[in-house]
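Coordinates from run-v5.pdb are shown below (PDB, C-alpha atoms and all ligand atoms).
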```pdb
ATOM      1  CA  MET A1123       9.126  -1.276 -38.030
ATOM      2  CA  THR A1124       6.665  -3.975 -39.179
ATOM      3  CA  ALA A1125       3.283  -4.039 -37.424
ATOM      4  CA  MET A1126       3.166  -6.370 -34.450
ATOM      5  CA  LYS A1127       0.395  -8.754 -33.538
ATOM      6  CA  ALA A1128      -1.240  -8.659 -30.122
ATOM      7  CA  LEU A1129      -3.772 -11.243 -28.972
ATOM      8  CA  VAL A1130      -5.948 -10.779 -25.868
ATOM      9  CA  VAL A1131      -7.406 -14.086 -24.668
ATOM     10  CA  TYR A1132      -9.967 -14.204 -21.888
ATOM     11  CA  GLU A1133     -12.233 -16.469 -19.886
ATOM     12  CA  SER A1134     -15.432 -14.967 -18.475
ATOM     13  CA  MET A1135     -18.517 -16.330 -16.735
ATOM     14  CA  PHE A1136     -20.567 -13.170 -16.160
ATOM     15  CA  GLY A1137     -19.023 -10.816 -18.764
ATOM     16  CA  ASN A1138     -16.755  -8.667 -16.575
ATOM     17  CA  THR A1139     -13.454 -10.185 -17.704
ATOM     18  CA  ARG A1140     -14.666  -9.980 -21.317
ATOM     19  CA  ARG A1141     -15.333  -6.242 -20.912
ATOM     20  CA  VAL A1142     -11.878  -5.752 -19.401
ATOM     21  CA  ALA A1143     -10.290  -7.768 -22.253
ATOM     22  CA  GLU A1144     -12.083  -5.656 -24.852
ATOM     23  CA  ALA A1145     -10.947  -2.440 -23.155
ATOM     24  CA  ILE A1146      -7.323  -3.700 -22.995
ATOM     25  CA  ALA A1147      -7.521  -4.489 -26.735
ATOM     26  CA  GLU A1148      -8.698  -0.925 -27.412
ATOM     27  CA  GLY A1149      -5.725   0.429 -25.488
ATOM     28  CA  LEU A1150      -3.378  -1.850 -27.417
ATOM     29  CA  ALA A1151      -4.529  -0.431 -30.774
ATOM     30  CA  PRO A1152      -1.271   1.488 -31.460
ATOM     31  CA  ILE A1153       0.536  -1.863 -31.747
ATOM     32  CA  GLY A1154      -1.108  -2.455 -35.130
ATOM     33  CA  ASP A1155      -2.855  -5.810 -35.383
ATOM     34  CA  VAL A1156      -4.903  -6.525 -32.234
ATOM     35  CA  SER A1157      -7.503  -9.245 -31.693
ATOM     36  CA  VAL A1158      -9.514 -10.356 -28.694
ATOM     37  CA  SER A1159     -10.781 -13.882 -28.302
ATOM     38  CA  ARG A1160     -12.423 -16.242 -25.769
ATOM     39  CA  VAL A1161     -10.245 -19.147 -24.557
ATOM     40  CA  THR A1162     -12.660 -21.660 -26.041
ATOM     41  CA  GLU A1163     -12.371 -20.051 -29.472
ATOM     42  CA  THR A1164      -8.620 -19.419 -29.656
ATOM     43  CA  SER A1165      -6.409 -21.667 -31.772
ATOM     44  CA  HIS A1166      -2.767 -22.550 -31.120
ATOM     45  CA  ALA A1167      -1.924 -20.993 -34.502
ATOM     46  CA  GLN A1168      -3.288 -17.617 -33.309
ATOM     47  CA  VAL A1169      -1.137 -17.835 -30.186
ATOM     48  CA  ILE A1170       2.042 -18.768 -32.035
ATOM     49  CA  ALA A1171       1.532 -15.809 -34.414
ATOM     50  CA  ALA A1172       1.123 -13.311 -31.550
ATOM     51  CA  ASP A1173       4.153 -11.158 -30.604
ATOM     52  CA  LEU A1174       2.263 -10.136 -27.459
ATOM     53  CA  LEU A1175      -0.114 -12.569 -25.743
ATOM     54  CA  VAL A1176      -2.335 -11.096 -23.003
ATOM     55  CA  VAL A1177      -4.332 -13.628 -20.968
ATOM     56  CA  GLY A1178      -6.967 -12.993 -18.311
ATOM     57  CA  GLY A1179      -9.653 -14.730 -16.310
ATOM     58  CA  PRO A1180     -11.885 -14.373 -13.260
ATOM     59  CA  THR A1181     -10.518 -15.213  -9.805
ATOM     60  CA  HIS A1182     -12.402 -18.177  -8.353
ATOM     61  CA  ALA A1183     -11.531 -19.776  -4.993
ATOM     62  CA  HIS A1184      -8.308 -17.685  -4.807
ATOM     63  CA  GLY A1185      -6.971 -18.670  -8.234
ATOM     64  CA  MET A1186      -7.905 -19.610 -11.765
ATOM     65  CA  THR A1187     -11.298 -21.241 -12.255
ATOM     66  CA  ARG A1188     -11.765 -25.022 -12.055
ATOM     67  CA  PRO A1189     -14.657 -27.156 -13.348
ATOM     68  CA  GLN A1190     -16.282 -27.108  -9.873
ATOM     69  CA  THR A1191     -16.045 -23.322  -9.420
ATOM     70  CA  ARG A1192     -17.427 -22.781 -12.925
ATOM     71  CA  ALA A1193     -20.362 -25.024 -12.004
ATOM     72  CA  ASN A1194     -20.827 -22.924  -8.827
ATOM     73  CA  ALA A1195     -20.877 -19.757 -10.921
ATOM     74  CA  VAL A1196     -23.599 -21.216 -13.156
ATOM     75  CA  GLU A1197     -25.624 -22.092 -10.032
ATOM     76  CA  ARG A1198     -25.209 -18.539  -8.721
ATOM     77  CA  ALA A1199     -26.415 -17.049 -11.996
ATOM     78  CA  ASP A1200     -29.407 -19.422 -12.078
ATOM     79  CA  ARG A1201     -30.628 -18.304  -8.643
ATOM     80  CA  PRO A1202     -33.813 -16.254  -8.934
ATOM     81  CA  GLY A1203     -33.053 -12.535  -8.893
ATOM     82  CA  SER A1204     -29.275 -12.986  -9.232
ATOM     83  CA  GLY A1205     -29.176 -10.344 -11.967
ATOM     84  CA  LEU A1206     -26.224 -12.259 -13.469
ATOM     85  CA  VAL A1207     -26.170 -13.083 -17.173
ATOM     86  CA  LEU A1208     -23.961 -15.985 -18.215
ATOM     87  CA  GLU A1209     -21.612 -15.758 -21.184
ATOM     88  CA  PRO A1210     -22.043 -18.399 -23.932
ATOM     89  CA  GLU A1211     -20.953 -21.931 -22.857
ATOM     90  CA  PRO A1212     -19.765 -20.563 -19.504
ATOM     91  CA  ASP A1213     -18.557 -23.768 -17.874
ATOM     92  CA  ARG A1214     -16.819 -25.473 -20.784
ATOM     93  CA  ARG A1215     -13.153 -24.618 -20.378
ATOM     94  CA  GLY A1216     -11.058 -22.115 -18.476
ATOM     95  CA  VAL A1217      -7.662 -20.430 -18.825
ATOM     96  CA  ARG A1218      -6.075 -23.083 -16.577
ATOM     97  CA  GLU A1219      -6.867 -25.972 -18.949
ATOM     98  CA  TRP A1220      -6.280 -23.840 -22.037
ATOM     99  CA  LEU A1221      -2.819 -22.721 -20.885
ATOM    100  CA  ASP A1222      -1.842 -26.259 -19.898
ATOM    101  CA  ASP A1223      -2.526 -27.425 -23.477
ATOM    102  CA  LEU A1224      -0.731 -24.522 -25.141
ATOM    103  CA  PRO A1225       2.447 -25.217 -27.142
ATOM    104  CA  VAL A1226       5.676 -23.427 -26.181
ATOM    105  CA  SER A1227       6.048 -20.186 -28.154
ATOM    106  CA  GLY A1228       8.389 -17.222 -27.748
ATOM    107  CA  GLY A1229       7.351 -13.595 -27.435
ATOM    108  CA  TRP A1230       5.968 -11.199 -24.880
ATOM    109  CA  ALA A1231       3.070 -11.820 -22.502
ATOM    110  CA  ALA A1232       0.979 -10.160 -19.803
ATOM    111  CA  ALA A1233      -1.556 -11.534 -17.327
ATOM    112  CA  PHE A1234      -4.656 -10.004 -15.763
ATOM    113  CA  ASP A1235      -7.667 -11.047 -13.743
ATOM    114  CA  THR A1236     -10.883  -9.789 -12.264
ATOM    115  CA  ARG A1237     -11.408 -10.215  -8.523
ATOM    116  CA  ALA A1238     -13.235  -8.806  -5.526
ATOM    117  CA  THR A1239     -12.246  -5.441  -4.051
ATOM    118  CA  MET A1240     -10.660  -6.752  -0.847
ATOM    119  CA  ALA A1241      -6.895  -7.043  -0.253
ATOM    120  CA  PRO A1242      -5.225  -9.590  -2.575
ATOM    121  CA  PHE A1243      -4.129 -11.815   0.318
ATOM    122  CA  LEU A1244      -7.844 -12.332   1.061
ATOM    123  CA  THR A1245      -9.107 -12.644  -2.509
ATOM    124  CA  GLY A1246      -6.265 -14.460  -4.303
ATOM    125  CA  ARG A1247      -5.410 -13.494  -7.882
ATOM    126  CA  ALA A1248      -5.958 -15.680 -10.937
ATOM    127  CA  SER A1249      -3.323 -13.622 -12.774
ATOM    128  CA  ARG A1250      -0.518 -15.139 -10.648
ATOM    129  CA  GLY A1251      -1.274 -18.639 -11.927
ATOM    130  CA  ILE A1252      -1.711 -17.320 -15.447
ATOM    131  CA  ARG A1253       1.723 -15.663 -15.265
ATOM    132  CA  ALA A1254       3.383 -18.881 -14.033
ATOM    133  CA  ARG A1255       1.859 -20.875 -16.894
ATOM    134  CA  LEU A1256       2.741 -18.265 -19.524
ATOM    135  CA  ARG A1257       6.360 -18.406 -18.359
ATOM    136  CA  ARG A1258       6.334 -22.200 -18.581
ATOM    137  CA  LYS A1259       5.194 -21.807 -22.185
ATOM    138  CA  GLY A1260       8.269 -19.748 -23.023
ATOM    139  CA  ARG A1261       6.739 -16.283 -22.839
ATOM    140  CA  VAL A1262       8.565 -13.275 -21.326
ATOM    141  CA  MET A1263       6.359 -11.118 -19.082
ATOM    142  CA  ILE A1264       6.336  -7.488 -20.199
ATOM    143  CA  THR A1265       4.790  -6.240 -16.940
ATOM    144  CA  ARG A1266       3.419  -7.381 -13.565
ATOM    145  CA  PRO A1267       0.035  -9.122 -13.373
ATOM    146  CA  GLU A1268      -2.847  -6.669 -13.032
ATOM    147  CA  SER A1269      -6.251  -7.031 -11.346
ATOM    148  CA  PHE A1270      -9.476  -5.273 -12.257
ATOM    149  CA  LEU A1271     -12.082  -5.095  -9.520
ATOM    150  CA  VAL A1272     -15.694  -6.204  -9.248
ATOM    151  CA  GLY A1273     -18.095  -5.097  -6.512
ATOM    152  CA  GLY A1274     -20.381  -7.138  -4.282
ATOM    153  CA  SER A1275     -22.973  -7.802  -6.968
ATOM    154  CA  ASN A1276     -20.334  -9.082  -9.396
ATOM    155  CA  ARG A1277     -20.246  -5.893 -11.443
ATOM    156  CA  LEU A1278     -17.094  -4.114 -12.547
ATOM    157  CA  LEU A1279     -16.454  -1.017 -10.455
ATOM    158  CA  ASP A1280     -16.834   2.326 -12.196
ATOM    159  CA  GLY A1281     -13.643   3.366 -13.921
ATOM    160  CA  GLU A1282     -12.202  -0.146 -14.279
ATOM    161  CA  GLU A1283     -12.803  -0.326 -18.046
ATOM    162  CA  GLU A1284     -11.007   2.988 -18.441
ATOM    163  CA  ARG A1285      -8.135   1.689 -16.289
ATOM    164  CA  ALA A1286      -7.980  -1.438 -18.487
ATOM    165  CA  ARG A1287      -7.760   0.756 -21.603
ATOM    166  CA  THR A1288      -4.887   2.675 -20.028
ATOM    167  CA  TRP A1289      -3.151  -0.575 -19.014
ATOM    168  CA  GLY A1290      -3.457  -1.804 -22.624
ATOM    169  CA  ALA A1291      -1.907   1.442 -23.878
ATOM    170  CA  GLN A1292       0.960   1.043 -21.391
ATOM    171  CA  LEU A1293       1.564  -2.516 -22.632
ATOM    172  CA  ALA A1294       1.673  -1.254 -26.218
ATOM    173  CA  ALA A1295       4.230   1.401 -25.280
ATOM    174  CA  GLU A1296       6.317  -1.110 -23.313
ATOM    175  CA  VAL A1297       6.414  -3.666 -26.134
ATOM    176  CA  THR A1298       7.217  -1.014 -28.720
ATOM    177  CA  SER A1299      10.107   0.447 -26.719
ATOM    178  CA  SER A1300      11.499  -2.994 -25.771
ATOM    179  CA  THR A1301      11.423  -4.071 -29.407
ATOM    180  CA  ARG A1302      13.165  -0.855 -30.483
ATOM    181  CA  ALA A1303      15.800  -1.457 -27.825
ATOM    182  CA  GLY A1304      16.354  -4.901 -29.328
ATOM    183  CA  THR A1305      15.227  -6.846 -26.280
ATOM    184  CA  GLY A1306      12.186  -8.395 -27.986
TER     185      GLY A1306
HETATM  186  C1  LIG A1401     -17.562 -19.696  -7.643
HETATM  187  C2  LIG A1401     -16.937 -18.359  -7.471
HETATM  188  C3  LIG A1401     -15.824 -18.205  -6.650
HETATM  189  C4  LIG A1401     -15.226 -16.937  -6.486
HETATM  190  N1  LIG A1401     -14.118 -16.819  -5.705
HETATM  191  C5  LIG A1401     -13.492 -15.614  -5.621
HETATM  192  C6  LIG A1401     -12.278 -15.481  -4.895
HETATM  193  O1  LIG A1401     -11.754 -16.426  -4.293
HETATM  194  N2  LIG A1401     -11.689 -14.260  -4.855
HETATM  195  C7  LIG A1401     -12.236 -13.171  -5.499
HETATM  196  O2  LIG A1401     -11.642 -12.091  -5.448
HETATM  197  N3  LIG A1401     -13.383 -13.264  -6.212
HETATM  198  C8  LIG A1401     -14.017 -14.461  -6.285
HETATM  199  N4  LIG A1401     -15.170 -14.572  -7.009
HETATM  200  C9  LIG A1401     -15.701 -13.389  -7.716
HETATM  201  C10 LIG A1401     -15.158 -13.421  -9.140
HETATM  202  O3  LIG A1401     -13.814 -13.018  -9.151
HETATM  203  C11 LIG A1401     -16.015 -12.574 -10.065
HETATM  204  O4  LIG A1401     -17.267 -13.207 -10.166
HETATM  205  C12 LIG A1401     -15.380 -12.488 -11.426
HETATM  206  O5  LIG A1401     -14.195 -11.772 -11.377
HETATM  207  C13 LIG A1401     -16.290 -11.873 -12.416
HETATM  208  O6  LIG A1401     -15.699 -12.059 -13.689
HETATM  209  P1  LIG A1401     -16.576 -12.602 -14.903
HETATM  210  O7  LIG A1401     -17.797 -11.723 -14.965
HETATM  211  O8  LIG A1401     -15.704 -12.417 -16.095
HETATM  212  O9  LIG A1401     -16.922 -14.023 -14.654
HETATM  213  C14 LIG A1401     -15.775 -15.806  -7.164
HETATM  214  C15 LIG A1401     -16.903 -15.965  -7.979
HETATM  215  C16 LIG A1401     -17.474 -17.211  -8.134
HETATM  216  C17 LIG A1401     -18.665 -17.356  -9.043
END
```

Show the structure stored in the file as structure tokens.
Ligand SMILES: Cc1cc2nc3c(=O)[nH]c(=O)nc-3n(C[C@H](O)[C@H](O)[C@H](O)COP(=O)(O)O)c2cc1C
Amino acid sequence: MTAMKALVVYESMFGNTRRVAEAIAEGLAPIGDVSVSRVTETSHAQVIAADLLVVGGPTHAHGMTRPQTRANAVERADRPGSGLVLEPEPDRRGVREWLDDLPVSGGWAAAFDTRATMAPFLTGRASRGIRARLRRKGRVMITRPESFLVGGSNRLLDGEEERARTWGAQLAAEVTSSTRAGTG
């Protein structure tokens, strides 16, 4: 079988979703060619070339970020003693806008988010909106959307990076077996 390409694309304000994306990419390693990239730095050509496209972002106001929620996040980080460190160009563009501009391309996809530890009906899940947009762009979901959890001070809970690595490995196994079965 020829090596497959997997691309993990993420949006992140405070670094948690980036850490999850990097851990997922590590888990995906058995696929062969795996890259991880911020939404603002990912070209359409990279997406079209990817057999598996994994997209994730932070949950803001019960869904994907918007310009106003990204501005709120910057304000929160700028508060004295917040302890939050902003990613480069944090408020420029999110997964919502990036996915809306994406061309239609076939292939597999998966969606993830980071969110607070409460029940999903209270927190919302950015990954639901990501999944809907990926489907609109012609992608077939290989698994259900997954959430990785941050605590009260906006830090990933212990063990979540490890869980993300395992989730990435499960995606790799799923894609490989589906392709072998001729459903890819
Ligand atoms: C403006 C703003 C709104 C948020 N709204 C929600 C929310 O509705 N539900 C939730 O679970 N978490 C919410 N959060 C917490 C974020 O999900 C959390 O900051 C994010 O997952 C951290 O990821 P990042 O470090 O990659 O930015 C919000 C955070 C900010 C800054």

Discussion item. Taking only C-alpha atoms into account, name the residue in A:Ser1275, A:Ser1134, A:Thr1162, A:Thr1301 that is nearest to Asp1223 (chain A).
Written reply: A:Thr1162

Practice prompt. Would you write out, as JSON, numbers by chain, every residue that the PyMOL selection byres (((not hetatm)) within 8 of (chain A and resi 1401)) captures in this file?
Written response: {"A": [1133, 1134, 1135, 1136, 1137, 1138, 1139, 1140, 1141, 1179, 1180, 1181, 1182, 1183, 1184, 1185, 1187, 1190, 1191, 1192, 1193, 1194, 1195, 1196, 1198, 1235, 1236, 1237, 1238, 1239, 1240, 1242, 1244, 1245, 1246, 1247, 1271, 1272, 1276, 1277, 1278]}

Go ahead and write the residues just picked, C-alpha atoms, as a JSON list (two decimals), keeping the file's coordinate frame.
```
[["chain", "number", "residue", "atom", "x", "y", "z"],
["A", 1133, "GLU", "CA", -12.23, -16.47, -19.89],
["A", 1134, "SER", "CA", -15.43, -14.97, -18.48],
["A", 1135, "MET", "CA", -18.52, -16.33, -16.74],
["A", 1136, "PHE", "CA", -20.57, -13.17, -16.16],
["A", 1137, "GLY", "CA", -19.02, -10.82, -18.76],
["A", 1138, "ASN", "CA", -16.76, -8.67, -16.58],
["A", 1139, "THR", "CA", -13.45, -10.18, -17.70],
["A", 1140, "ARG", "CA", -14.67, -9.98, -21.32],
["A", 1141, "ARG", "CA", -15.33, -6.24, -20.91],
["A", 1179, "GLY", "CA", -9.65, -14.73, -16.31],
["A", 1180, "PRO", "CA", -11.88, -14.37, -13.26],
["A", 1181, "THR", "CA", -10.52, -15.21, -9.80],
["A", 1182, "HIS", "CA", -12.40, -18.18, -8.35],
["A", 1183, "ALA", "CA", -11.53, -19.78, -4.99],
["A", 1184, "HIS", "CA", -8.31, -17.68, -4.81],
["A", 1185, "GLY", "CA", -6.97, -18.67, -8.23],
["A", 1187, "THR", "CA", -11.30, -21.24, -12.26],
["A", 1190, "GLN", "CA", -16.28, -27.11, -9.87],
["A", 1191, "THR", "CA", -16.05, -23.32, -9.42],
["A", 1192, "ARG", "CA", -17.43, -22.78, -12.92],
["A", 1193, "ALA", "CA", -20.36, -25.02, -12.00],
["A", 1194, "ASN", "CA", -20.83, -22.92, -8.83],
["A", 1195, "ALA", "CA", -20.88, -19.76, -10.92],
["A", 1196, "VAL", "CA", -23.60, -21.22, -13.16],
["A", 1198, "ARG", "CA", -25.21, -18.54, -8.72],
["A", 1235, "ASP", "CA", -7.67, -11.05, -13.74],
["A", 1236, "THR", "CA", -10.88, -9.79, -12.26],
["A", 1237, "ARG", "CA", -11.41, -10.22, -8.52],
["A", 1238, "ALA", "CA", -13.24, -8.81, -5.53],
["A", 1239, "THR", "CA", -12.25, -5.44, -4.05],
["A", 1240, "MET", "CA", -10.66, -6.75, -0.85],
["A", 1242, "PRO", "CA", -5.22, -9.59, -2.58],
["A", 1244, "LEU", "CA", -7.84, -12.33, 1.06],
["A", 1245, "THR", "CA", -9.11, -12.64, -2.51],
["A", 1246, "GLY", "CA", -6.26, -14.46, -4.30],
["A", 1247, "ARG", "CA", -5.41, -13.49, -7.88],
["A", 1271, "LEU", "CA", -12.08, -5.10, -9.52],
["A", 1272, "VAL", "CA", -15.69, -6.20, -9.25],
["A", 1276, "ASN", "CA", -20.33, -9.08, -9.40],
["A", 1277, "ARG", "CA", -20.25, -5.89, -11.44],
["A", 1278, "LEU", "CA", -17.09, -4.11, -12.55]]
```

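For the pair CA of Pro1267 (chain A) and CA of Glu1211 (chain A), the interatomic distance is 26.4 Å.
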
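Using all atoms listed in the file, the nearest neighbour of Leu1150 (chain A) within the list A:Val1207, A:Ala1233, A:Ala1167, A:Leu1129 is A:Leu1129.
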
Fill in: Best match for closeness to Ala1295 (chain A) among A:Pro1212, A:Gly1228, A:Gly1281, A:Gly1154, counting all atoms listed in the file
A:Gly1154

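Atom to atom, CA of Arg1258 (chain A) and CA of Trp1220 (chain A) stand 13.2 Å apart.
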
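Considering the residues A:Arg1257, A:Arg1218, A:Lys1127, A:Pro1152 and counting only C-alpha atoms, Arg1287 (chain A) has its shortest atom-to-atom contact with A:Pro1152.
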
Discussion item. Taking (-6.5, -19.6, -29.6) in the coordinates of the supplied file, I want to know which residues reach to within 12 Å of it, counting all atoms listed in the file; could you give the answer as a PyMOL selection string?
Written reply: chain A and resi 1129-1133+1157-1172+1175-1177+1217+1220-1221+1223-1225

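Among the candidates A:Val1156, A:Ile1146, A:Ala1248, A:Val1226, the one nearest to Met1186 (chain A) when counting all atoms listed in the file is A:Ala1248.
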
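Reported to one decimal place, the separation of CA of Glu1144 (chain A) from CA of Ser1204 (chain A) is 24.4 Å.
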
Worksheet item: Closest to Phe1234 (chain A) among A:Val1142, A:Ala1199, A:Leu1174, A:Ala1151, using all atoms listed in the file?
Response: A:Val1142

Can you tell me, as AutoDock Vina command-line options, the centre and edge lengths (Å, one decimal) of the axis-aligned box enclosing all of region 1165-1171 of chain A's listed atoms after padding each side by 4 Å?
```
--center_x -2.2 --center_y -19.2 --center_z -32.3 --size_x 16.5 --size_y 14.7 --size_z 12.3
```
